[in-house]
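S.K.: The file below is entry_12.txt, compact mmCIF, C-alpha atoms and all ligand atoms:
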```
# COMPACT_ATOMS: atom_id res chain seq x y z
CA MET A 1 18.44 -17.71 -70.14
CA GLN A 2 15.83 -15.57 -68.45
CA GLU A 3 16.06 -11.94 -67.48
CA VAL A 4 14.04 -10.15 -64.84
CA HIS A 5 14.24 -6.38 -64.70
CA ILE A 6 13.87 -4.37 -61.61
CA ASP A 7 12.79 -0.88 -62.41
CA LEU A 8 13.94 1.67 -59.85
CA GLY A 9 14.83 4.65 -62.02
CA ALA A 10 18.56 5.39 -61.76
CA ARG A 11 18.97 2.29 -59.57
CA SER A 12 17.42 -0.16 -62.06
CA TYR A 13 19.17 -3.42 -62.89
CA ALA A 14 18.82 -6.80 -64.52
CA ILE A 15 18.75 -10.23 -62.91
CA HIS A 16 20.15 -12.84 -65.31
CA ILE A 17 19.08 -16.40 -64.57
CA GLY A 18 20.49 -19.40 -66.44
CA SER A 19 23.24 -21.86 -67.07
CA GLY A 20 26.95 -21.06 -67.65
CA LEU A 21 26.72 -17.46 -66.46
CA LEU A 22 29.70 -17.55 -64.09
CA ALA A 23 32.12 -17.97 -67.01
CA ARG A 24 30.73 -14.75 -68.47
CA LEU A 25 31.00 -12.67 -65.29
CA GLY A 26 33.84 -10.52 -66.66
CA ASN A 27 31.98 -9.81 -69.90
CA TYR A 28 28.93 -8.66 -67.97
CA LEU A 29 31.04 -6.34 -65.81
CA LYS A 30 32.77 -4.85 -68.86
CA GLU A 31 29.44 -3.28 -69.82
CA PHE A 32 29.77 -0.87 -66.86
CA ARG A 33 32.15 2.02 -66.32
CA PHE A 34 34.02 0.26 -63.52
CA THR A 35 37.74 0.67 -62.80
CA PRO A 36 39.76 -2.55 -63.20
CA ARG A 37 40.33 -3.52 -59.56
CA VAL A 38 37.56 -5.81 -58.28
CA LEU A 39 37.01 -6.91 -54.68
CA LEU A 40 35.68 -10.46 -54.97
CA VAL A 41 34.13 -11.47 -51.64
CA THR A 42 33.42 -15.12 -50.97
CA ASN A 43 33.87 -17.75 -48.23
CA PRO A 44 36.12 -20.83 -48.06
CA VAL A 45 33.43 -23.27 -49.25
CA VAL A 46 32.29 -21.24 -52.26
CA GLY A 47 35.82 -19.97 -52.91
CA SER A 48 37.16 -23.49 -53.26
CA LEU A 49 34.34 -24.49 -55.61
CA TYR A 50 33.93 -21.39 -57.77
CA GLY A 51 36.63 -18.87 -56.80
CA GLU A 52 38.96 -19.89 -59.60
CA ALA A 53 36.25 -19.81 -62.26
CA ALA A 54 35.08 -16.37 -61.14
CA THR A 55 38.62 -15.02 -60.97
CA ALA A 56 39.48 -16.38 -64.43
CA ALA A 57 36.30 -14.91 -65.91
CA LEU A 58 37.16 -11.50 -64.46
CA GLU A 59 40.84 -11.61 -65.41
CA ASN A 60 40.07 -12.69 -68.97
CA ALA A 61 37.98 -9.55 -69.28
CA GLY A 62 40.86 -7.36 -68.06
CA PHE A 63 40.00 -7.00 -64.36
CA GLU A 64 42.46 -7.34 -61.49
CA VAL A 65 40.96 -9.47 -58.73
CA LEU A 66 41.45 -9.00 -54.98
CA ARG A 67 39.92 -12.07 -53.42
CA ALA A 68 38.68 -11.85 -49.84
CA GLU A 69 37.34 -14.84 -47.96
CA ILE A 70 35.14 -14.27 -44.94
CA PRO A 71 34.65 -17.15 -42.51
CA GLU A 72 31.82 -19.59 -43.08
CA GLY A 73 28.65 -19.02 -41.03
CA GLU A 74 25.86 -16.59 -40.18
CA GLU A 75 27.65 -15.57 -36.98
CA TYR A 76 30.32 -13.91 -39.16
CA LYS A 77 27.78 -11.59 -40.82
CA SER A 78 29.05 -8.98 -38.40
CA LEU A 79 30.63 -5.56 -38.12
CA VAL A 80 33.90 -7.24 -37.11
CA THR A 81 34.04 -9.07 -40.44
CA ALA A 82 33.00 -5.94 -42.34
CA GLU A 83 35.89 -4.06 -40.75
CA LYS A 84 38.37 -6.58 -42.17
CA LEU A 85 36.99 -5.91 -45.64
CA TYR A 86 37.23 -2.12 -45.13
CA ASP A 87 40.90 -2.60 -44.18
CA LEU A 88 41.58 -4.57 -47.33
CA ALA A 89 39.70 -2.12 -49.54
CA TYR A 90 41.61 0.80 -48.05
CA THR A 91 45.03 -0.87 -48.13
CA ARG A 92 44.58 -1.95 -51.72
CA GLU A 93 43.28 1.48 -52.74
CA LEU A 94 39.88 0.57 -54.11
CA ASP A 95 38.29 3.66 -55.65
CA ARG A 96 34.73 4.84 -56.11
CA ARG A 97 34.29 2.83 -59.28
CA SER A 98 35.91 -0.38 -58.05
CA PRO A 99 33.15 -2.98 -57.88
CA VAL A 100 32.56 -5.27 -54.93
CA VAL A 101 31.42 -8.67 -56.25
CA ALA A 102 29.66 -11.01 -53.82
CA LEU A 103 30.17 -14.66 -54.77
CA GLY A 104 28.22 -16.78 -52.30
CA GLY A 105 25.00 -17.23 -50.40
CA GLY A 106 23.02 -14.63 -48.51
CA VAL A 107 25.63 -14.23 -45.78
CA VAL A 108 28.34 -13.21 -48.25
CA GLY A 109 25.86 -11.11 -50.26
CA ASP A 110 24.41 -9.18 -47.30
CA LEU A 111 27.84 -8.51 -45.81
CA ALA A 112 29.63 -7.60 -49.05
CA GLY A 113 26.68 -5.39 -49.98
CA PHE A 114 26.88 -3.62 -46.63
CA VAL A 115 30.58 -2.97 -47.20
CA ALA A 116 29.89 -1.74 -50.75
CA ALA A 117 27.16 0.59 -49.45
CA THR A 118 29.40 2.17 -46.83
CA TYR A 119 32.99 2.09 -48.13
CA LEU A 120 33.69 5.56 -49.60
CA ARG A 121 29.93 6.15 -49.04
CA GLY A 122 29.17 3.64 -51.77
CA VAL A 123 31.00 1.72 -54.47
CA PRO A 124 29.39 -0.43 -57.21
CA PHE A 125 28.03 -3.77 -56.06
CA VAL A 126 27.43 -6.96 -58.05
CA GLN A 127 25.65 -10.05 -56.77
CA VAL A 128 26.64 -13.55 -57.92
CA PRO A 129 24.33 -15.62 -55.68
CA THR A 130 25.32 -19.27 -55.27
CA THR A 131 22.57 -20.66 -53.02
CA LEU A 132 18.93 -21.17 -53.95
CA LEU A 133 17.96 -18.78 -51.16
CA ALA A 134 20.29 -16.10 -52.47
CA GLN A 135 19.09 -16.54 -56.07
CA VAL A 136 15.41 -16.26 -55.17
CA ASP A 137 15.64 -13.64 -52.47
CA SER A 138 18.75 -12.13 -50.85
CA SER A 139 20.54 -11.00 -54.03
CA VAL A 140 17.49 -9.04 -55.17
CA GLY A 141 16.01 -5.88 -53.73
CA GLY A 142 18.92 -4.12 -52.08
CA LYS A 143 18.60 -5.01 -48.40
CA VAL A 144 22.19 -5.28 -47.16
CA ALA A 145 23.10 -5.75 -43.52
CA VAL A 146 25.12 -7.25 -40.72
CA ASN A 147 23.68 -8.73 -37.54
CA HIS A 148 23.85 -7.30 -34.05
CA PRO A 149 24.60 -10.09 -31.56
CA ARG A 150 21.03 -9.68 -30.25
CA GLY A 151 19.17 -8.65 -33.38
CA LYS A 152 19.11 -9.90 -36.92
CA ASN A 153 20.15 -7.47 -39.72
CA ILE A 154 20.00 -4.58 -37.25
CA ILE A 155 22.79 -2.61 -38.96
CA GLY A 156 22.19 -2.14 -42.64
CA ALA A 157 21.10 -0.10 -45.63
CA PHE A 158 19.04 -0.21 -48.78
CA TYR A 159 21.66 -0.41 -51.50
CA GLN A 160 20.83 -1.93 -54.86
CA PRO A 161 23.28 -4.06 -56.83
CA ARG A 162 24.16 -3.01 -60.38
CA LEU A 163 23.66 -6.52 -61.67
CA VAL A 164 22.61 -9.97 -60.44
CA LEU A 165 24.01 -13.11 -62.12
CA ALA A 166 22.19 -16.24 -60.96
CA ASP A 167 24.00 -19.21 -62.49
CA LEU A 168 21.76 -22.23 -61.90
CA ASP A 169 24.64 -24.69 -62.46
CA VAL A 170 26.27 -23.79 -59.15
CA LEU A 171 23.23 -25.01 -57.21
CA LYS A 172 24.23 -28.61 -58.05
CA THR A 173 26.88 -28.58 -55.30
CA LEU A 174 24.51 -27.37 -52.58
CA ASP A 175 23.91 -29.52 -49.54
CA PRO A 176 20.26 -30.75 -49.64
CA ARG A 177 19.63 -28.89 -46.36
CA GLU A 178 20.43 -25.62 -48.17
CA VAL A 179 18.09 -26.49 -51.04
CA ARG A 180 15.29 -26.98 -48.54
CA ALA A 181 16.16 -23.72 -46.76
CA GLY A 182 15.95 -21.88 -50.09
CA LEU A 183 12.57 -23.46 -50.80
CA ALA A 184 11.19 -21.83 -47.65
CA GLU A 185 11.53 -18.39 -49.24
CA VAL A 186 10.12 -19.75 -52.53
CA ILE A 187 7.04 -21.02 -50.67
CA LYS A 188 6.82 -17.58 -49.03
CA TYR A 189 6.28 -15.94 -52.45
CA GLY A 190 3.37 -18.25 -53.20
CA VAL A 191 1.68 -17.37 -49.93
CA ILE A 192 2.20 -13.62 -50.08
CA ALA A 193 1.49 -12.96 -53.74
CA ASP A 194 0.48 -15.81 -56.00
CA GLY A 195 -1.87 -18.68 -55.15
CA ASP A 196 -1.33 -20.29 -58.57
CA PHE A 197 2.41 -20.36 -57.98
CA PHE A 198 1.76 -21.99 -54.58
CA ALA A 199 -0.38 -24.67 -56.25
CA TRP A 200 2.39 -25.19 -58.85
CA LEU A 201 4.86 -25.66 -55.98
CA GLU A 202 2.58 -28.28 -54.44
CA GLU A 203 2.65 -30.12 -57.78
CA ASN A 204 6.36 -29.74 -58.44
CA LEU A 205 7.99 -29.91 -55.02
CA GLU A 206 9.79 -33.22 -55.58
CA ARG A 207 11.22 -32.00 -58.90
CA LEU A 208 12.48 -28.87 -57.17
CA LEU A 209 14.04 -30.86 -54.34
CA ALA A 210 15.84 -32.88 -57.02
CA LEU A 211 17.00 -29.63 -58.67
CA GLU A 212 15.45 -30.53 -62.05
CA ALA A 213 16.56 -27.83 -64.45
CA GLY A 214 13.19 -26.77 -65.91
CA PRO A 215 11.21 -26.40 -62.67
CA LEU A 216 14.22 -24.86 -60.96
CA ALA A 217 14.61 -22.12 -63.57
CA ARG A 218 10.88 -21.46 -63.41
CA ALA A 219 10.85 -21.21 -59.60
CA VAL A 220 13.87 -18.87 -59.49
CA ALA A 221 12.50 -16.57 -62.18
CA ALA A 222 8.97 -16.53 -60.71
CA SER A 223 10.36 -15.71 -57.26
CA CYS A 224 12.54 -12.89 -58.61
CA ARG A 225 9.58 -11.47 -60.57
CA ILE A 226 7.40 -11.38 -57.46
CA LYS A 227 10.16 -9.81 -55.39
CA ALA A 228 10.93 -7.25 -58.13
CA ARG A 229 7.27 -6.22 -58.25
CA VAL A 230 7.10 -5.67 -54.49
CA VAL A 231 10.42 -3.81 -54.31
CA GLN A 232 9.51 -1.56 -57.24
CA GLU A 233 6.38 -0.54 -55.37
CA ASP A 234 8.11 0.23 -52.05
CA GLU A 235 11.91 0.13 -52.26
CA THR A 236 12.66 1.20 -48.67
CA GLU A 237 9.82 -0.60 -46.89
CA GLN A 238 7.66 2.32 -45.95
CA GLY A 239 4.68 -0.04 -46.09
CA ARG A 240 3.87 -2.85 -48.53
CA ARG A 241 7.40 -4.28 -48.87
CA ALA A 242 6.97 -5.70 -45.37
CA ILE A 243 4.96 -8.55 -46.93
CA LEU A 244 8.34 -10.03 -47.92
CA ASN A 245 8.86 -10.41 -44.19
CA PHE A 246 6.16 -13.08 -43.89
CA GLY A 247 7.47 -15.67 -41.40
CA HIS A 248 10.34 -13.43 -40.33
CA THR A 249 8.93 -11.89 -37.11
CA LEU A 250 9.33 -15.19 -35.29
CA GLY A 251 12.03 -16.48 -37.69
CA HIS A 252 14.47 -13.70 -36.87
CA ALA A 253 13.79 -14.05 -33.13
CA LEU A 254 14.62 -17.77 -33.36
CA GLU A 255 17.86 -17.07 -35.22
CA ALA A 256 19.04 -14.39 -32.79
CA LEU A 257 18.07 -16.28 -29.64
CA THR A 258 20.00 -19.35 -30.78
CA GLY A 259 23.16 -17.35 -31.54
CA TYR A 260 22.70 -17.64 -35.34
CA THR A 261 24.10 -21.17 -35.26
CA THR A 262 21.13 -23.54 -34.86
CA TYR A 263 18.88 -22.74 -37.80
CA ARG A 264 19.52 -21.95 -41.42
CA HIS A 265 17.68 -18.69 -42.17
CA GLY A 266 15.17 -20.55 -44.35
CA GLU A 267 14.44 -23.04 -41.56
CA ALA A 268 13.70 -20.29 -39.06
CA VAL A 269 11.45 -18.62 -41.66
CA ALA A 270 9.68 -21.96 -42.21
CA ILE A 271 8.81 -22.18 -38.49
CA GLY A 272 7.80 -18.51 -38.60
CA MET A 273 5.49 -19.05 -41.59
CA ALA A 274 3.82 -22.04 -39.94
CA ALA A 275 3.31 -20.02 -36.75
CA ALA A 276 1.94 -17.02 -38.70
CA ALA A 277 -0.53 -19.27 -40.51
CA ARG A 278 -1.66 -20.82 -37.21
CA LEU A 279 -1.95 -17.34 -35.70
CA ALA A 280 -4.03 -16.11 -38.64
CA ALA A 281 -6.29 -19.16 -38.26
CA ALA A 282 -6.58 -18.58 -34.48
CA LEU A 283 -7.60 -14.97 -35.14
CA GLY A 284 -10.23 -16.12 -37.64
CA MET A 285 -8.45 -14.42 -40.55
CA LEU A 286 -7.51 -17.57 -42.45
CA PRO A 287 -9.46 -20.82 -42.92
CA GLU A 288 -7.92 -23.68 -40.90
CA SER A 289 -7.73 -25.69 -44.13
CA SER A 290 -5.48 -23.06 -45.75
CA ALA A 291 -3.21 -22.96 -42.71
CA ALA A 292 -2.99 -26.76 -42.86
CA ARG A 293 -2.18 -26.59 -46.58
CA LEU A 294 0.78 -24.29 -45.92
CA VAL A 295 2.06 -26.31 -42.95
CA ASN A 296 1.80 -29.44 -45.08
CA LEU A 297 3.86 -27.98 -47.95
CA ILE A 298 6.53 -26.75 -45.55
CA ARG A 299 6.71 -30.23 -44.01
CA ARG A 300 6.88 -31.91 -47.42
CA ALA A 301 9.85 -29.67 -48.24
CA GLY A 302 11.64 -31.26 -45.27
CA LEU A 303 11.52 -28.04 -43.28
CA PRO A 304 10.64 -27.61 -39.60
CA VAL A 305 7.24 -26.24 -38.57
CA ASP A 306 7.58 -26.41 -34.79
CA MET A 307 9.27 -24.41 -32.09
CA PRO A 308 12.12 -25.74 -29.97
CA PRO A 309 10.72 -26.41 -26.48
CA GLU A 310 13.60 -24.79 -24.60
CA LEU A 311 13.19 -21.20 -25.80
CA PRO A 312 11.19 -19.20 -23.23
CA THR A 313 8.09 -17.45 -24.55
CA GLY A 314 9.13 -14.24 -22.77
CA ASP A 315 12.44 -14.14 -24.63
CA LEU A 316 10.71 -14.76 -27.95
CA LEU A 317 8.18 -11.98 -27.31
CA ALA A 318 10.92 -9.57 -26.21
CA SER A 319 12.94 -10.30 -29.35
CA MET A 320 9.86 -9.95 -31.61
CA ARG A 321 9.11 -6.58 -29.99
CA ARG A 322 12.48 -5.36 -31.34
CA ASP A 323 11.68 -6.49 -34.89
CA LYS A 324 12.24 -3.77 -37.55
CA LYS A 325 8.54 -3.75 -38.45
CA VAL A 326 7.58 -2.67 -34.94
CA LEU A 327 6.30 0.91 -34.67
CA ALA A 328 5.60 2.50 -31.30
CA GLY A 329 6.14 -0.85 -29.60
CA ARG A 330 3.27 -2.67 -31.37
CA LEU A 331 3.94 -6.32 -32.24
CA THR A 332 3.61 -6.65 -36.01
CA PHE A 333 2.96 -9.77 -38.06
CA VAL A 334 2.46 -10.46 -41.74
CA LEU A 335 -0.58 -12.75 -41.72
CA PRO A 336 -2.13 -14.70 -44.59
CA VAL A 337 -5.81 -14.17 -45.34
CA GLU A 338 -5.76 -16.68 -48.18
CA ILE A 339 -3.03 -18.59 -50.03
CA GLY A 340 -1.74 -15.79 -52.26
CA ARG A 341 -2.61 -12.78 -50.11
CA VAL A 342 -1.31 -11.42 -46.80
CA GLU A 343 -1.96 -8.44 -44.59
CA ILE A 344 0.36 -6.50 -42.31
CA VAL A 345 -1.26 -6.64 -38.89
CA ARG A 346 -0.30 -4.42 -35.97
CA ASP A 347 -1.45 -4.86 -32.40
CA VAL A 348 -1.86 -8.62 -32.56
CA PRO A 349 -3.08 -9.60 -29.06
CA GLU A 350 -0.16 -10.97 -27.09
CA GLU A 351 -2.30 -13.78 -25.60
CA ALA A 352 -3.03 -15.05 -29.11
CA VAL A 353 0.68 -15.05 -29.94
CA GLU A 354 1.47 -16.89 -26.70
CA ARG A 355 -1.23 -19.46 -27.43
CA VAL A 356 0.16 -20.11 -30.89
CA LEU A 357 3.72 -20.39 -29.59
CA ARG A 358 2.50 -23.04 -27.14
CA LEU A 359 0.66 -24.82 -29.93
CA CYS A 360 3.78 -24.77 -32.11
CA ARG A 361 5.76 -26.38 -29.30
CA ASN A 362 3.20 -29.11 -28.80
CA GLN A 363 2.92 -30.34 -32.36
CA GLY A 364 5.97 -32.61 -32.07
N1 LIG B 1 19.00 -9.24 -48.23
C1 LIG B 1 17.90 -9.93 -48.29
O1 LIG B 1 16.89 -9.51 -48.86
C2 LIG B 1 17.87 -11.30 -47.70
C3 LIG B 1 16.85 -12.19 -48.04
C4 LIG B 1 16.86 -13.48 -47.51
C5 LIG B 1 17.90 -13.86 -46.67
N2 LIG B 1 18.89 -12.98 -46.37
C6 LIG B 1 20.04 -13.41 -45.56
O2 LIG B 1 20.72 -14.43 -46.25
C7 LIG B 1 21.39 -15.25 -45.31
C8 LIG B 1 21.11 -16.70 -45.60
O3 LIG B 1 21.63 -16.99 -46.87
P1 LIG B 1 21.90 -18.50 -47.34
O4 LIG B 1 20.75 -19.33 -46.99
O5 LIG B 1 22.35 -18.41 -48.74
O6 LIG B 1 23.04 -18.97 -46.36
P2 LIG B 1 24.63 -18.93 -46.49
O7 LIG B 1 25.10 -17.74 -47.18
O8 LIG B 1 25.15 -19.21 -45.13
O9 LIG B 1 24.93 -20.19 -47.43
C9 LIG B 1 24.52 -21.45 -47.01
C10 LIG B 1 25.65 -22.49 -47.08
O10 LIG B 1 25.85 -22.88 -48.42
C11 LIG B 1 27.24 -22.81 -48.77
N3 LIG B 1 27.26 -22.56 -50.21
C12 LIG B 1 26.96 -21.41 -50.84
N4 LIG B 1 26.91 -21.62 -52.17
C13 LIG B 1 27.22 -22.91 -52.38
C14 LIG B 1 27.29 -23.74 -53.53
N5 LIG B 1 27.00 -23.28 -54.73
N6 LIG B 1 27.64 -25.03 -53.38
C15 LIG B 1 27.91 -25.53 -52.14
N7 LIG B 1 27.80 -24.82 -51.00
C16 LIG B 1 27.46 -23.52 -51.14
C17 LIG B 1 27.76 -21.73 -47.88
O11 LIG B 1 29.15 -21.82 -47.70
C18 LIG B 1 26.99 -22.00 -46.59
O12 LIG B 1 27.59 -23.06 -45.89
C19 LIG B 1 20.92 -14.81 -43.95
O13 LIG B 1 21.89 -14.00 -43.35
C20 LIG B 1 19.67 -14.03 -44.26
O14 LIG B 1 19.41 -13.07 -43.28
C21 LIG B 1 18.89 -11.72 -46.87
O1 LIG B 2 13.68 -8.12 -49.07
C1 LIG B 2 12.92 -8.00 -48.10
O2 LIG B 2 12.30 -6.96 -47.87
C2 LIG B 2 12.75 -9.13 -47.17
O3 LIG B 2 12.14 -8.96 -46.11
C3 LIG B 2 13.31 -10.45 -47.56
C4 LIG B 2 13.61 -11.38 -46.41
O4 LIG B 2 13.54 -12.69 -46.91
C5 LIG B 2 15.02 -11.20 -45.85
O5 LIG B 2 15.28 -12.21 -44.92
C6 LIG B 2 15.36 -9.84 -45.30
O6 LIG B 2 16.75 -9.74 -45.05
C7 LIG B 2 14.67 -9.51 -44.01
O7 LIG B 2 14.71 -8.16 -43.83
P1 LIG B 2 14.67 -7.45 -42.41
O8 LIG B 2 14.41 -6.03 -42.77
O9 LIG B 2 13.56 -8.06 -41.63
O10 LIG B 2 15.99 -7.66 -41.79
ZN ZN B 3 14.35 -14.09 -45.49
```
Go ahead and render the structure in this file as structure tokens.
Ligand SMILES: NC(=O)c1ccc[n+]([C@@H]2O[C@H](COP(=O)([O-])OP(=O)(O)OC[C@H]3O[C@@H](n4cnc5c(N)ncnc54)[C@H](O)[C@@H]3O)[C@@H](O)[C@H]2O)c1
Ligand SMILES: O=C(O)C(=O)C[C@@H](O)[C@H](O)[C@H](O)COP(=O)(O)O
Ligand SMILES: [Zn+2]
M.R.:
Amino acid sequence: MQEVHIDLGARSYAIHIGSGLLARLGNYLKEFRFTPRVLLVTNPVVGSLYGEAATAALENAGFEVLRAEIPEGEEYKSLVTAEKLYDLAYTRELDRRSPVVALGGGVVGDLAGFVAATYLRGVPFVQVPTTLLAQVDSSVGGKVAVNHPRGKNIIGAFYQPRLVLADLDVLKTLDPREVRAGLAEVIKYGVIADGDFFAWLEENLERLLALEAGPLARAVAASCRIKARVVQEDETEQGRRAILNFGHTLGHALEALTGYTTYRHGEAVAIGMAAAARLAAALGMLPESSAARLVNLIRRAGLPVDMPPELPTGDLLASMRRDKKVLAGRLTFVLPVEIGRVEIVRDVPEEAVERVLRLCRNQG
């Protein structure tokens, strides 16, 4: 078992990474001063696989479990779904120390976290991430949100969990497409913060795609450590935290413009990272060979690197102009300057962005 600590003063917490953790969920929760009624939020897929195990673990430790299933899919990460959870929490009289436990991927985690942050102005929140993406990224760092129909994560908060339990065993039931989507965010960490980790990923990609236990544990822990370091430095994204948004300026635009149903989040980020690398190369900030190295790793992971031809450039630019990183209307990108280091660049010339979007469409 590995533990990564995230040090945020009164909001500090531990991320536990290992095998067999789900069965110990109740024991972990007993360490806190929670009241016995737990709102366990999941979806039908994860609920049918792991709902019983989570419920039993909580009940054996003396908790009473209210299980809520939200529909499957990114398009349900919405205020409408959140409202249904508020109704349940109110009807079943959850109090200020009743924990909300998110059992699922990033959709369940972001939504349940948003409900936990806002119900009674905040109740305790626990993350039990069940996708690779959620274990390496969304369960850590306290960004919780729902989507606006036109903008990704537009309604949200910074609200840290009290505990993260990343049980690696549950990843065995993931669809391979979800493993690949999770790897996109893992690759992101290499590019933004650690060139050696990136090189290790190049060496170990096939073992990760096969979910080999050793490399998997190492990749999850390394990713969480990098994210913890960035979040500790800038919890509410006043500046540096935006590096975690590498690939997301275009990625989020692609998700929103396709109604949140075409791309997995990791796939949209993969296209966004490839475009950002090409843009950095076009601006002379990154050697072409480094951009090619990144594009090549993304491709090897079975992820897309090109834009769909049917999305108009104007719509993409308009959506990117509404990105949360934008200040005073200036298009903002996180651009690599080498593998392992990125810069936050404002005022990227629109013609350069347009050129790269065209290039991304033409690659086939
Ligand atoms: N808060 C953050 O910092 C942050 C970071 C990255 C991504 N996100 C958000 O996370 C979301 C994407 O998360 P995701 O990629 O986990 O997608 P997801 O939550 O939709 O899960 C992907 C799929 O895997 C299924 N699933 C989950 N666990 C499973 C398991 N163990 N076995 C079998 N199937 C399982 C789900 O039912 C779903 O079909 C997006 O909304 C994105 O914006 C948030
Ligand atoms: O934790 C962060 O900070 C991130 O940017 C991580 C991203 O992978 C994640 O997709 C996040 O939800 C995006 O944040 P947003 O502020 O652009 O909505
Ligand atoms: Zn992301």
S.K.: All residues within 8 Å of ligand LIG 1 (chain B) are required, counting only C-alpha atoms and all ligand atoms; please report them as a PyMOL selection string.
M.R.: chain A and resi 43-46+49-50+72-74+77+104-110+129-134+137-146+152-153+170-175+178+181-182+185+264-266
S.K.: Select, from A:Ala219, A:Met1, A:Met307, A:Ala102, the residue with the minimum atom-to-atom distance to Gly47 in chain A, counting all atoms listed in the file.
M.R.: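 Looking at the shortest contact to Gly47 in chain A, the residue is A:Ala102.
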S.K.: For CA of Tyr13 in chain A and CA of Ala56 in chain A, determine how far apart the two atoms are, in Å to one decimal place.
M.R.: 24.1 Å
S.K.: To box range 151-167 of chain A, take all atoms listed in the file, fit an axis-aligned box, add 4 Å on each side, and give centre and edge lengths in Å to one decimal, as lines of an AutoDock Vina configuration file.
M.R.:
```
center_x = 21.6
center_y = -9.7
center_z = -47.9
size_x = 13.1
size_y = 27.1
size_z = 37.1
```
S.K.: What is the atom O7 of ligand LIG 2 (chain B) to CA of Ala10 in chain A distance in Å?
M.R.: 22.8 Å
S.K.: Identify which of the residues A:Thr249, A:Ser319, A:Thr313, A:Ser289 lies closest to Thr332 in chain A, counting all atoms listed in the file when measuring atom-to-atom distances.
M.R.: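 Nearest to Thr332 in chain A: A:Thr249.
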S.K.: Some atoms are missing, so please complete range 192-207 of chain A with N, CA and C atoms and return it as a short mmCIF file (atom, residue, chain, number, x, y, z; two decimals), in the frame of the given file.
M.R.:
```
data_model
loop_
_atom_site.label_atom_id
_atom_site.label_comp_id
_atom_site.auth_asym_id
_atom_site.auth_seq_id
_atom_site.Cartn_x
_atom_site.Cartn_y
_atom_site.Cartn_z
N ILE A 192 2.43 -15.07 -50.18
CA ILE A 192 2.20 -13.62 -50.08
C ILE A 192 1.60 -13.02 -51.35
N ALA A 193 1.83 -13.68 -52.51
CA ALA A 193 1.49 -12.96 -53.74
C ALA A 193 0.86 -13.76 -54.86
N ASP A 194 0.89 -15.10 -54.79
CA ASP A 194 0.48 -15.81 -56.00
C ASP A 194 0.01 -17.24 -55.66
N GLY A 195 -1.30 -17.38 -55.50
CA GLY A 195 -1.87 -18.68 -55.15
C GLY A 195 -1.63 -19.74 -56.22
N ASP A 196 -1.59 -19.31 -57.49
CA ASP A 196 -1.33 -20.29 -58.57
C ASP A 196 0.09 -20.83 -58.47
N PHE A 197 1.01 -19.93 -58.14
CA PHE A 197 2.41 -20.36 -57.98
C PHE A 197 2.50 -21.35 -56.81
N PHE A 198 1.77 -21.08 -55.74
CA PHE A 198 1.76 -21.99 -54.58
C PHE A 198 1.26 -23.37 -55.02
N ALA A 199 0.17 -23.39 -55.79
CA ALA A 199 -0.38 -24.67 -56.25
C ALA A 199 0.64 -25.38 -57.15
N TRP A 200 1.34 -24.61 -57.99
CA TRP A 200 2.39 -25.19 -58.85
C TRP A 200 3.50 -25.80 -57.98
N LEU A 201 3.83 -25.12 -56.89
CA LEU A 201 4.86 -25.66 -55.98
C LEU A 201 4.39 -26.98 -55.36
N GLU A 202 3.11 -27.03 -55.00
CA GLU A 202 2.58 -28.28 -54.44
C GLU A 202 2.75 -29.43 -55.44
N GLU A 203 2.53 -29.11 -56.72
CA GLU A 203 2.65 -30.12 -57.78
C GLU A 203 4.10 -30.52 -58.06
N ASN A 204 5.00 -29.56 -57.93
CA ASN A 204 6.36 -29.74 -58.44
C ASN A 204 7.44 -29.83 -57.38
N LEU A 205 7.02 -29.97 -56.12
CA LEU A 205 7.99 -29.91 -55.02
C LEU A 205 9.11 -30.94 -55.16
N GLU A 206 8.76 -32.17 -55.51
CA GLU A 206 9.79 -33.22 -55.58
C GLU A 206 10.80 -32.90 -56.68
N ARG A 207 10.31 -32.36 -57.79
CA ARG A 207 11.22 -32.00 -58.90
C ARG A 207 12.15 -30.87 -58.48
#
```
